[in-house]
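Trainee: I have a structure here, written as structure tokens, and I will follow up with some questions on it.
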Amino acid sequence: MPETAYQILKAFYQQDPDRVCIYLQQAGQPDCPITYGDLIQTAAGWAQYYQDEGIPPGEVIILILQHGADLIGAFWGAVLHGAIPSIMPFLTEKLQPDQYRKDLTALIGVTRPAALVTYPAFEIEVQAAVDGSGIDKQAERAVPAVLLSGSVQKVESPDFEQMGGGERGADDIVFLQHSSGTTGLKKGVAISHRALLNQLESYRQAIHLTRDDVIVSWLPLYHDMGLIAGFLMPVLEGVPLVLMSPFDWVKAPYRLMQAVTRYRGTLTWLPNFAYNFCAMKIRDSQLQGVDLSSWRAVINCSEPMYYNSFRMFEERFKPYGLRPGALATSYAMAENVFGVTQGGIDAPVTVDEVDVITLQTEREARPAEAGRPSVKMLSCGRPIPGTQVRVLDEQGRPLPERRVGELAVHSNCMLTGYYNRPDATEQAFSDGWYLTGDYGYIADGEVYVTGRKKDLIIVGGRNVFPQDLETLASETPGVHPGRVAAFGIFNEATGTEEVALVAEVDLSEEELADDEKRQALEDAIRLAVNRGSAISLRYIKLVGPNWMIKTSSGKTSRAANREKFLAEMESRSTPDP
């Protein structure tokens with residue numbers, strides 16, 4: 001049995017080089033089929049490039065490239081060379097330039113890569129981050145090299161004996177995943193070959209993956225869902241992958257449906273916002289000839305999952321062949337390579353309707369009662385083979401079913417550690433269990449996630465999960481679903497937190513400036529939140545498009561939006577000089 005990703009690639013090249021592994025899609029261009037022969041020959045060219053530039057095996061190479069052939073070749077070339085690739089977001093209009101530069105500089109200082117790969121046009125930007133990283137040019141470890149794409153040539157007859165990847169073992173690091181966030185891309189999750197292959201074997205079993213499947217993905221490769229489910233797993237498992245650009249998808253989401261139709265796609269992973277986005281943005285005229293009957297699982301993952309998003313997606317695409325029960329769920333994290341749980345494959349996803357008041361006051365997910373506020377929780381499914389999940393109280397003791405606490409994970413595919421961050425690694429574990437920072441509960445063996453520990457709002461002793469309030473607000477007509485952020489603001493006078501909520505609304509600038517219309521929508525949001533949660537909102541801010549701050553992986557950042565909200569409040573309360 002192969003023990004490393006390098007060995008799997010070598011076997012595919014030697015045994016089945018003409019097998020297509022990736023159908024690369026880019027807007028305005030014909031689809032480009034890439035065989036294992038093409039993939040390895042291109043990757044071998046990159047491996048030779050790294051060797052010629054003096055990059056030693058075992059060192060980190062940061063890839064700052066856009067979706068496309070260069071990124072694919074540079075990543076697998078690093079694996080063949082025995083280096084450790086790490087894909088980072090490319091600076092686009094979706095990211096804040098100043099914060100991006102600050103994060104990249106901090107990342108280089110912590111990770112201390114041997115090289116960064118980017119385009120000639122971005123060289124000055126990357127070099128400035130290297131120069132500002134604080135790495136001493138006289139230090140034992142050299143200042144990172146900035147390597148440029150565009151001149152790498154295929155190697156028609158790869159010499160595997162000359163590649164450093166052959167010397168890497170099962171416990172050596174194969175790649176880094178960096179956590180996304182507006183407060184810094186600082187923690188590199190180090191994954192070994194052993195952890196990766198264990199995850200792929202367990203997750204393959206959980207979703208019944210075979211080589212008859214076809215995975216269709218638009219997900220960015222710098223995020224664990226895109227990197228594992230939409231890139232590494234299909235390539236290493238021999239499953240055809242239809243890979244489109246996330247930027248092409250967001251401009252034209254119907255491309256996903258067309259790709260599923262054309263290639264008879266069977267599996268796709270989507271963050272929750274994409275269910276709303278597809279249902280709302282894709283027009284009937286863009287679905288002519290679309291047939292989604294081949295889709296056996298569309299898996300919701302990577303951010304809080306909402307019942308109404310499922311129903312919206314299902315109703316929108318049922319006329320085009322979407323199979324009832326095809327919508328599935330997963331709880332995943334980079335620290336476990338990817339999947340922790342999986343639901344919705346062997347049976348429809350379980351929906352657990354629980355009492356909101358008991359959830360807030362007693363931290364217990366008690367089944368809902370008539371006449372009391374309730375929330376429908378989507379199950380994340382059961383732990384995949386080789387992975388265990390516990391719920392812990394504040395003292396680290398296991399809790400019984402339906403009691404809410406911090407989720408802890410133990411598995412055979414856990415991270416080696418946070419790269420060059422032994423302090424963070426130590427803090428993340430307790431008695432061998434990884435502390436996820438997520439609150440949740442277990443019911444009938446299935447895992448439910450209620451929210452992030454750091455985002456919890458405590459109002460008069462009640463534990464309020466912001467996504468519950470966000471869901472209620474999102475269901476209010478006029479509010480853009482999924483673009484809501486709730487957070488707490490401490491009030492020194494009362495000694496507790498007050499709840500603020502920012503909501504992007506589907507109103508024109510003129511309507512948003514109309515006091516009467518704005519007040520009517522604010523009142524509707526207050527009423528929906530109060531009825532559904534028994535929580536009163538202290539502040540509501542209605543905003544138009546582009547106000548909300550998101551992370552590089554597309555999630556709404558509560559922390560960053562809270563800071564922006566407070567900054568605007570402060571500026572309004574400060575008198576002009």
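Identifiers for the structure tokens are assigned positionally: chains receive A, B, ... in sequence, residues are indexed from 1 per chain, and ligands are indexed from 1 in the order shown.
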Env of region 79-82 of chain A: 7 Å cut, atoms = only C-alpha atoms, seq-sep filter 6 positions within chain, self excluded. Answer as a ChimeraX atom specification.
Mentor: /A:6,44,47,57-58,163-165,168,174
Trainee: Pick out the residues sitting within 9 Å of Gly343 (chain A), and hand them over as a VMD selection string; count only C-alpha atoms, and ignore anything fewer than 3 positions along from it in its own chain.
Mentor: chain A and resid 206 to 207 299 328 to 331 346 to 350 379 to 383 446
Trainee: Just the alpha helix (DSSP H) stuff from region 406-456 of chain A, please, per backbone DSSP, written as a list of chain:residue names.
Mentor: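 So the alpha helix (DSSP H) residues in region 406-456 of chain A would be A:Pro422, A:Asp423, A:Ala424, A:Thr425, A:Glu426, A:Gln427.
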Trainee: Neighbouring residues of region 126-135 of chain A were defined as those with any atom within 12 Å, considering only C-alpha atoms; residues of the same chain fewer than 2 positions away were excluded. Please report them as a compact mmCIF listing (two decimals) with N, CA, C and O atoms, in the first residue's frame.
Mentor:
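The result, stored in around22.txt:
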```txt
# COMPACT_ATOMS: atom_id res chain seq x y z
N ILE A 62 5.31 28.68 -0.49
CA ILE A 62 4.00 29.33 -0.50
C ILE A 62 3.63 29.68 -1.94
O ILE A 62 4.42 30.29 -2.67
N LEU A 63 2.44 29.28 -2.34
CA LEU A 63 1.96 29.49 -3.71
C LEU A 63 0.91 30.60 -3.71
O LEU A 63 -0.15 30.45 -3.10
N ILE A 64 1.20 31.70 -4.37
CA ILE A 64 0.26 32.81 -4.49
C ILE A 64 -0.07 32.95 -5.97
O ILE A 64 0.48 33.78 -6.70
N LEU A 65 -0.95 32.09 -6.43
CA LEU A 65 -1.31 31.99 -7.84
C LEU A 65 -2.82 31.89 -7.97
O LEU A 65 -3.50 31.37 -7.08
N MET A 88 -2.00 30.09 -0.87
CA MET A 88 -2.54 31.29 -0.24
C MET A 88 -3.46 32.03 -1.21
O MET A 88 -3.30 31.92 -2.42
N PHE A 90 -4.88 34.79 -3.60
CA PHE A 90 -4.31 35.83 -4.43
C PHE A 90 -5.07 37.12 -4.13
O PHE A 90 -6.28 37.09 -3.88
N LEU A 91 -4.40 38.24 -4.14
CA LEU A 91 -5.04 39.52 -3.84
C LEU A 91 -6.04 39.88 -4.93
O LEU A 91 -5.68 40.07 -6.09
N ASP A 98 -4.66 46.43 2.36
CA ASP A 98 -3.77 46.70 3.49
C ASP A 98 -3.72 45.52 4.46
O ASP A 98 -2.65 45.15 4.95
N GLN A 99 -4.90 44.94 4.74
CA GLN A 99 -4.95 43.80 5.66
C GLN A 99 -4.25 42.60 5.03
O GLN A 99 -3.55 41.83 5.70
N TYR A 100 -4.45 42.40 3.71
CA TYR A 100 -3.81 41.29 3.01
C TYR A 100 -2.28 41.38 3.13
O TYR A 100 -1.61 40.39 3.44
N ARG A 101 -1.74 42.57 2.88
CA ARG A 101 -0.28 42.75 2.96
C ARG A 101 0.22 42.51 4.38
O ARG A 101 1.27 41.88 4.58
N LYS A 102 -0.52 43.00 5.34
CA LYS A 102 -0.13 42.80 6.73
C LYS A 102 -0.13 41.32 7.09
O LYS A 102 0.80 40.81 7.73
N ASP A 103 -1.17 40.60 6.66
CA ASP A 103 -1.27 39.18 6.95
C ASP A 103 -0.15 38.38 6.28
O ASP A 103 0.44 37.48 6.88
N LEU A 104 0.13 38.70 5.01
CA LEU A 104 1.16 37.99 4.28
C LEU A 104 2.53 38.21 4.93
O LEU A 104 3.32 37.26 5.08
N THR A 105 2.80 39.43 5.33
CA THR A 105 4.07 39.72 5.99
C THR A 105 4.21 38.93 7.29
O THR A 105 5.25 38.34 7.58
N ALA A 106 3.13 38.91 8.09
CA ALA A 106 3.15 38.16 9.35
C ALA A 106 3.31 36.67 9.10
O ALA A 106 4.06 35.98 9.81
N LEU A 107 2.64 36.17 8.07
CA LEU A 107 2.71 34.75 7.74
C LEU A 107 4.13 34.33 7.38
O LEU A 107 4.64 33.30 7.83
N ILE A 108 4.80 35.15 6.58
CA ILE A 108 6.17 34.84 6.17
C ILE A 108 7.08 34.81 7.40
O ILE A 108 7.93 33.92 7.54
N GLY A 109 6.87 35.75 8.31
CA GLY A 109 7.69 35.80 9.50
C GLY A 109 7.54 34.57 10.38
O GLY A 109 8.50 34.12 11.01
N VAL A 110 6.32 34.02 10.45
CA VAL A 110 6.07 32.85 11.29
C VAL A 110 6.47 31.56 10.57
O VAL A 110 7.15 30.69 11.12
N THR A 111 6.05 31.41 9.32
CA THR A 111 6.26 30.17 8.58
C THR A 111 7.69 30.03 8.08
O THR A 111 8.21 28.92 7.97
N ARG A 112 8.33 31.13 7.78
CA ARG A 112 9.70 31.13 7.26
C ARG A 112 9.86 30.17 6.08
O ARG A 112 10.65 29.22 6.12
N PRO A 113 9.13 30.41 5.01
CA PRO A 113 9.21 29.52 3.85
C PRO A 113 10.55 29.66 3.14
O PRO A 113 11.24 30.68 3.28
N ALA A 114 10.89 28.64 2.38
CA ALA A 114 12.10 28.72 1.56
C ALA A 114 11.85 29.54 0.31
O ALA A 114 12.77 30.13 -0.25
N ALA A 115 10.58 29.56 -0.15
CA ALA A 115 10.27 30.29 -1.38
C ALA A 115 8.80 30.64 -1.43
O ALA A 115 7.96 30.02 -0.77
N LEU A 116 8.50 31.67 -2.21
CA LEU A 116 7.14 32.02 -2.56
C LEU A 116 7.05 32.07 -4.07
O LEU A 116 7.94 32.60 -4.74
N VAL A 117 5.98 31.51 -4.62
CA VAL A 117 5.80 31.46 -6.06
C VAL A 117 4.64 32.37 -6.45
O VAL A 117 3.54 32.29 -5.88
N THR A 118 4.87 33.27 -7.41
CA THR A 118 3.81 34.16 -7.86
C THR A 118 4.09 34.58 -9.30
O THR A 118 4.98 34.05 -9.96
N TYR A 119 3.34 35.56 -9.78
CA TYR A 119 3.49 36.06 -11.16
C TYR A 119 4.47 37.23 -11.19
O TYR A 119 4.64 37.94 -10.19
N PRO A 120 5.09 37.47 -12.33
CA PRO A 120 5.99 38.63 -12.44
C PRO A 120 5.31 39.94 -12.02
O PRO A 120 5.93 40.78 -11.37
N ALA A 121 4.04 40.10 -12.38
CA ALA A 121 3.34 41.35 -12.06
C ALA A 121 3.11 41.53 -10.56
O ALA A 121 2.85 42.65 -10.10
N PHE A 122 3.21 40.45 -9.79
CA PHE A 122 2.96 40.52 -8.35
C PHE A 122 4.26 40.41 -7.55
O PHE A 122 4.24 40.41 -6.32
N GLU A 123 5.39 40.36 -8.26
CA GLU A 123 6.68 40.14 -7.61
C GLU A 123 7.01 41.25 -6.60
O GLU A 123 7.47 40.97 -5.48
N ILE A 124 6.80 42.50 -6.97
CA ILE A 124 7.14 43.61 -6.08
C ILE A 124 6.33 43.52 -4.78
O ILE A 124 6.85 43.74 -3.68
N LYS A 137 18.69 38.68 7.26
CA LYS A 137 19.42 38.17 6.10
C LYS A 137 20.70 37.45 6.49
O LYS A 137 21.27 36.70 5.70
N GLN A 138 21.16 37.67 7.72
CA GLN A 138 22.36 36.99 8.17
C GLN A 138 22.03 35.72 8.97
O GLN A 138 22.93 35.05 9.46
N ALA A 139 20.74 35.43 9.10
CA ALA A 139 20.34 34.27 9.90
C ALA A 139 20.73 32.98 9.22
O ALA A 139 21.03 32.93 8.02
N GLU A 140 20.69 31.90 10.01
CA GLU A 140 21.08 30.58 9.48
C GLU A 140 20.15 30.16 8.35
O GLU A 140 20.59 29.61 7.35
N ARG A 141 18.85 30.43 8.50
CA ARG A 141 17.90 30.09 7.44
C ARG A 141 17.77 31.30 6.53
O ARG A 141 17.54 32.42 6.96
N ALA A 142 17.95 31.06 5.25
CA ALA A 142 18.02 32.15 4.28
C ALA A 142 16.68 32.86 4.14
O ALA A 142 15.62 32.34 4.45
N VAL A 143 16.75 34.09 3.66
CA VAL A 143 15.55 34.85 3.32
C VAL A 143 14.83 34.13 2.18
O VAL A 143 15.47 33.65 1.24
N PRO A 144 13.49 34.03 2.24
CA PRO A 144 12.76 33.31 1.19
C PRO A 144 13.03 33.87 -0.20
O PRO A 144 13.12 35.08 -0.39
N ALA A 145 13.13 32.96 -1.16
CA ALA A 145 13.27 33.36 -2.56
C ALA A 145 11.88 33.62 -3.13
O ALA A 145 10.90 32.98 -2.75
N VAL A 146 11.79 34.58 -4.04
CA VAL A 146 10.55 34.84 -4.76
C VAL A 146 10.70 34.27 -6.16
O VAL A 146 11.51 34.75 -6.96
N LEU A 147 9.96 33.20 -6.44
CA LEU A 147 10.04 32.51 -7.72
C LEU A 147 8.86 32.92 -8.59
O LEU A 147 7.76 33.16 -8.09
N LEU A 148 9.10 32.96 -9.89
CA LEU A 148 8.08 33.45 -10.82
C LEU A 148 7.61 32.35 -11.75
O LEU A 148 8.39 31.53 -12.23
```
Trainee: If you run DSSP on this backbone, which residues of region 76-295 of chain A come out as strand (DSSP E or B), and could you give them as a ChimeraX atom specification?
Mentor: /A:84-87,115-118,145-148,173-178,188-192,215-217,241-244,267-270
Trainee: Would you mind exporting the chosen residues as a CSV table (one decimal), in the first residue's frame, restricted to N, CA, C and O atoms?
Mentor:
```csv
chain,number,residue,atom,x,y,z
A,84,ILE,N,7.1,21.3,0.9
A,84,ILE,CA,5.7,21.4,1.5
A,84,ILE,C,5.0,22.6,0.9
A,84,ILE,O,5.2,23.8,1.3
A,85,PRO,N,4.0,22.3,0.0
A,85,PRO,CA,3.3,23.5,-0.6
A,85,PRO,C,2.2,24.0,0.3
A,85,PRO,O,1.7,23.3,1.2
A,86,SER,N,2.0,25.3,0.2
A,86,SER,CA,0.9,25.9,1.0
A,86,SER,C,0.3,27.0,0.0
A,86,SER,O,1.0,27.9,-0.4
A,87,ILE,N,-1.0,26.8,-0.3
A,87,ILE,CA,-1.7,27.7,-1.2
A,87,ILE,C,-2.3,28.9,-0.4
A,87,ILE,O,-3.0,28.7,0.6
A,115,ALA,N,10.6,29.6,-0.1
A,115,ALA,CA,10.3,30.3,-1.4
A,115,ALA,C,8.8,30.6,-1.4
A,115,ALA,O,8.0,30.0,-0.8
A,116,LEU,N,8.5,31.7,-2.2
A,116,LEU,CA,7.1,32.0,-2.6
A,116,LEU,C,7.0,32.1,-4.1
A,116,LEU,O,7.9,32.6,-4.7
A,117,VAL,N,6.0,31.5,-4.6
A,117,VAL,CA,5.8,31.5,-6.1
A,117,VAL,C,4.6,32.4,-6.4
A,117,VAL,O,3.5,32.3,-5.9
A,118,THR,N,4.9,33.3,-7.4
A,118,THR,CA,3.8,34.2,-7.9
A,118,THR,C,4.1,34.6,-9.3
A,118,THR,O,5.0,34.0,-10.0
A,145,ALA,N,13.1,33.0,-1.2
A,145,ALA,CA,13.3,33.4,-2.6
A,145,ALA,C,11.9,33.6,-3.1
A,145,ALA,O,10.9,33.0,-2.8
A,146,VAL,N,11.8,34.6,-4.0
A,146,VAL,CA,10.6,34.8,-4.8
A,146,VAL,C,10.7,34.3,-6.2
A,146,VAL,O,11.5,34.8,-7.0
A,147,LEU,N,10.0,33.2,-6.4
A,147,LEU,CA,10.0,32.5,-7.7
A,147,LEU,C,8.9,32.9,-8.6
A,147,LEU,O,7.8,33.2,-8.1
A,148,LEU,N,9.1,33.0,-9.9
A,148,LEU,CA,8.1,33.5,-10.8
A,148,LEU,C,7.6,32.4,-11.8
A,148,LEU,O,8.4,31.5,-12.2
A,173,ILE,N,5.6,16.0,6.7
A,173,ILE,CA,4.6,16.9,6.3
A,173,ILE,C,4.4,16.9,4.8
A,173,ILE,O,5.4,17.1,4.1
A,174,VAL,N,3.2,16.8,4.3
A,174,VAL,CA,2.9,16.9,2.8
A,174,VAL,C,2.5,18.2,2.4
A,174,VAL,O,2.8,18.7,1.3
A,175,PHE,N,1.7,19.0,3.2
A,175,PHE,CA,1.3,20.3,2.9
A,175,PHE,C,0.9,21.1,4.1
A,175,PHE,O,0.7,20.5,5.2
A,176,LEU,N,0.8,22.4,4.0
A,176,LEU,CA,0.2,23.3,5.1
A,176,LEU,C,-1.1,23.9,4.6
A,176,LEU,O,-1.2,24.2,3.4
A,177,GLN,N,-2.1,23.9,5.5
A,177,GLN,CA,-3.3,24.7,5.2
A,177,GLN,C,-3.2,25.8,6.2
A,177,GLN,O,-3.0,25.6,7.4
A,178,HIS,N,-3.5,27.0,5.7
A,178,HIS,CA,-3.5,28.2,6.6
A,178,HIS,C,-4.9,28.6,6.9
A,178,HIS,O,-5.7,28.8,6.0
A,188,GLY,N,-0.4,27.8,10.4
A,188,GLY,CA,-0.3,26.9,9.3
A,188,GLY,C,-0.5,25.5,9.9
A,188,GLY,O,0.2,25.0,10.7
A,189,VAL,N,-1.6,24.8,9.4
A,189,VAL,CA,-1.9,23.5,9.9
A,189,VAL,C,-1.1,22.5,9.1
A,189,VAL,O,-1.2,22.3,7.9
A,190,ALA,N,-0.2,21.8,9.8
A,190,ALA,CA,0.8,20.9,9.2
A,190,ALA,C,0.1,19.5,9.1
A,190,ALA,O,-0.2,18.9,10.1
A,191,ILE,N,0.0,19.0,7.9
A,191,ILE,CA,-0.6,17.7,7.6
A,191,ILE,C,0.4,16.7,7.1
A,191,ILE,O,1.1,17.0,6.1
A,192,SER,N,0.5,15.5,7.7
A,192,SER,CA,1.4,14.5,7.2
A,192,SER,C,0.8,13.7,6.1
A,192,SER,O,-0.4,13.6,5.9
A,215,ILE,N,-16.6,14.5,-9.5
A,215,ILE,CA,-16.6,15.6,-8.5
A,215,ILE,C,-16.6,16.9,-9.3
A,215,ILE,O,-15.7,17.1,-10.2
A,216,VAL,N,-17.5,17.8,-9.0
A,216,VAL,CA,-17.6,19.1,-9.7
A,216,VAL,C,-17.4,20.2,-8.6
A,216,VAL,O,-18.1,20.2,-7.6
A,217,SER,N,-16.4,21.0,-8.8
A,217,SER,CA,-16.0,22.0,-7.7
A,217,SER,C,-15.6,23.3,-8.3
A,217,SER,O,-14.9,23.4,-9.3
A,241,LEU,N,-12.3,15.0,-11.8
A,241,LEU,CA,-12.6,16.3,-11.2
A,241,LEU,C,-12.9,17.3,-12.2
A,241,LEU,O,-12.0,17.5,-13.1
A,242,VAL,N,-14.0,18.0,-12.2
A,242,VAL,CA,-14.3,19.1,-13.0
A,242,VAL,C,-14.0,20.3,-12.1
A,242,VAL,O,-14.7,20.6,-11.2
A,243,LEU,N,-13.0,21.1,-12.5
A,243,LEU,CA,-12.5,22.2,-11.6
A,243,LEU,C,-12.7,23.5,-12.3
A,243,LEU,O,-12.1,23.8,-13.3
A,244,MET,N,-13.6,24.4,-11.7
A,244,MET,CA,-13.8,25.7,-12.3
A,244,MET,C,-13.3,26.8,-11.3
A,244,MET,O,-13.0,26.5,-10.2
A,267,LEU,N,-20.9,14.5,-7.2
A,267,LEU,CA,-20.6,15.0,-5.9
A,267,LEU,C,-20.1,16.5,-6.0
A,267,LEU,O,-19.3,16.8,-6.8
A,268,THR,N,-20.7,17.3,-5.1
A,268,THR,CA,-20.2,18.7,-5.0
A,268,THR,C,-20.3,19.1,-3.5
A,268,THR,O,-21.2,18.7,-2.8
A,269,TRP,N,-19.3,19.9,-3.1
A,269,TRP,CA,-19.3,20.5,-1.7
A,269,TRP,C,-19.6,22.0,-1.9
A,269,TRP,O,-19.0,22.7,-2.7
A,270,LEU,N,-20.5,22.5,-1.0
A,270,LEU,CA,-20.8,24.0,-1.0
A,270,LEU,C,-20.9,24.5,0.4
A,270,LEU,O,-21.4,23.9,1.3
```
Trainee: Measuring atom to atom with only C-alpha atoms, identify which of A:Ser508, A:Thr416, A:Asn198, A:Gln360 is nearest to Pro545 (chain A).
Mentor: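 For Pro545 (chain A), the nearest of the given residues is A:Ser508.
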Trainee: Env of Gln48 (chain A): 12 Å cut, atoms = only C-alpha atoms, seq-sep filter 5 positions within chain, self excluded. Answer as a PyMOL selection string.
Mentor: chain A and resi 40-43+53-57+73-74+76-83+151-155+158-160+162-165
Trainee: Applying 10 Å and only C-alpha atoms, which residues near Gly440 (chain A) remain after dropping the ones on its own chain fewer than 4 positions away? List them as a PDB file with C-alpha atoms, in the first residue's frame.
Mentor:
```pdb
ATOM      1  CA  ARG A 363     -27.328  24.894  27.537  1.00  0.00           C
ATOM      2  CA  GLU A 364     -29.469  21.901  26.732  1.00  0.00           C
ATOM      3  CA  ALA A 365     -30.883  21.032  23.302  1.00  0.00           C
ATOM      4  CA  ARG A 390     -16.884  14.417  22.459  1.00  0.00           C
ATOM      5  CA  VAL A 391     -18.727  17.317  24.062  1.00  0.00           C
ATOM      6  CA  LEU A 392     -16.877  18.857  27.027  1.00  0.00           C
ATOM      7  CA  ARG A 402     -28.121  16.959  24.286  1.00  0.00           C
ATOM      8  CA  ARG A 403     -25.955  19.002  26.631  1.00  0.00           C
ATOM      9  CA  VAL A 404     -24.140  21.857  24.874  1.00  0.00           C
ATOM     10  CA  GLY A 405     -20.390  22.213  25.332  1.00  0.00           C
ATOM     11  CA  GLU A 406     -17.163  22.471  23.387  1.00  0.00           C
ATOM     12  CA  LEU A 407     -16.671  19.858  20.678  1.00  0.00           C
ATOM     13  CA  ALA A 408     -13.423  17.883  20.935  1.00  0.00           C
ATOM     14  CA  VAL A 447     -23.264  15.864  15.919  1.00  0.00           C
ATOM     15  CA  TYR A 448     -24.867  19.329  15.906  1.00  0.00           C
ATOM     16  CA  VAL A 449     -22.856  22.567  15.892  1.00  0.00           C
ATOM     17  CA  THR A 450     -24.431  25.529  17.665  1.00  0.00           C
ATOM     18  CA  GLY A 451     -21.720  28.152  17.201  1.00  0.00           C
ATOM     19  CA  ARG A 452     -18.177  29.348  17.761  1.00  0.00           C
ATOM     20  CA  LYS A 453     -17.021  29.640  21.350  1.00  0.00           C
TER      21      LYS A 453
END
```
Trainee: Mind checking which residues fall within 10 Å of Ala252 (chain A), counting only C-alpha atoms, ignoring those fewer than 5 positions away in the same chain, and posting them as a VMD selection string?
Mentor: chain A and resid 27 246 to 247 278 281 to 282 286
Trainee: Write out as a PyMOL selection string which residues come within 10 Å of Ile34 (chain A) when counting only C-alpha atoms, dropping same-chain ones fewer than 4 positions away.
Mentor: chain A and resi 18-24+38-40+69+240-241
Trainee: Just C-alpha atoms for this one: save the residues we selected as an mmCIF file, in the first residue's frame.
Mentor:
```
data_model
loop_
_atom_site.group_PDB
_atom_site.id
_atom_site.type_symbol
_atom_site.label_atom_id
_atom_site.label_comp_id
_atom_site.auth_asym_id
_atom_site.auth_seq_id
_atom_site.Cartn_x
_atom_site.Cartn_y
_atom_site.Cartn_z
ATOM 1 C CA ASP A 18 -3.786 8.492 -20.165
ATOM 2 C CA ARG A 19 -6.510 8.605 -17.530
ATOM 3 C CA VAL A 20 -8.052 12.090 -17.261
ATOM 4 C CA CYS A 21 -7.854 13.361 -13.702
ATOM 5 C CA ILE A 22 -8.955 17.003 -14.110
ATOM 6 C CA TYR A 23 -11.189 18.862 -16.533
ATOM 7 C CA LEU A 24 -10.015 22.446 -16.034
ATOM 8 C CA ASP A 38 0.086 15.663 -18.304
ATOM 9 C CA LEU A 39 -0.141 16.345 -14.582
ATOM 10 C CA ILE A 40 3.059 14.527 -13.643
ATOM 11 C CA ALA A 69 -2.729 25.229 -14.666
ATOM 12 C CA PRO A 240 -12.499 12.644 -12.306
ATOM 13 C CA LEU A 241 -12.596 16.278 -11.170
#
```
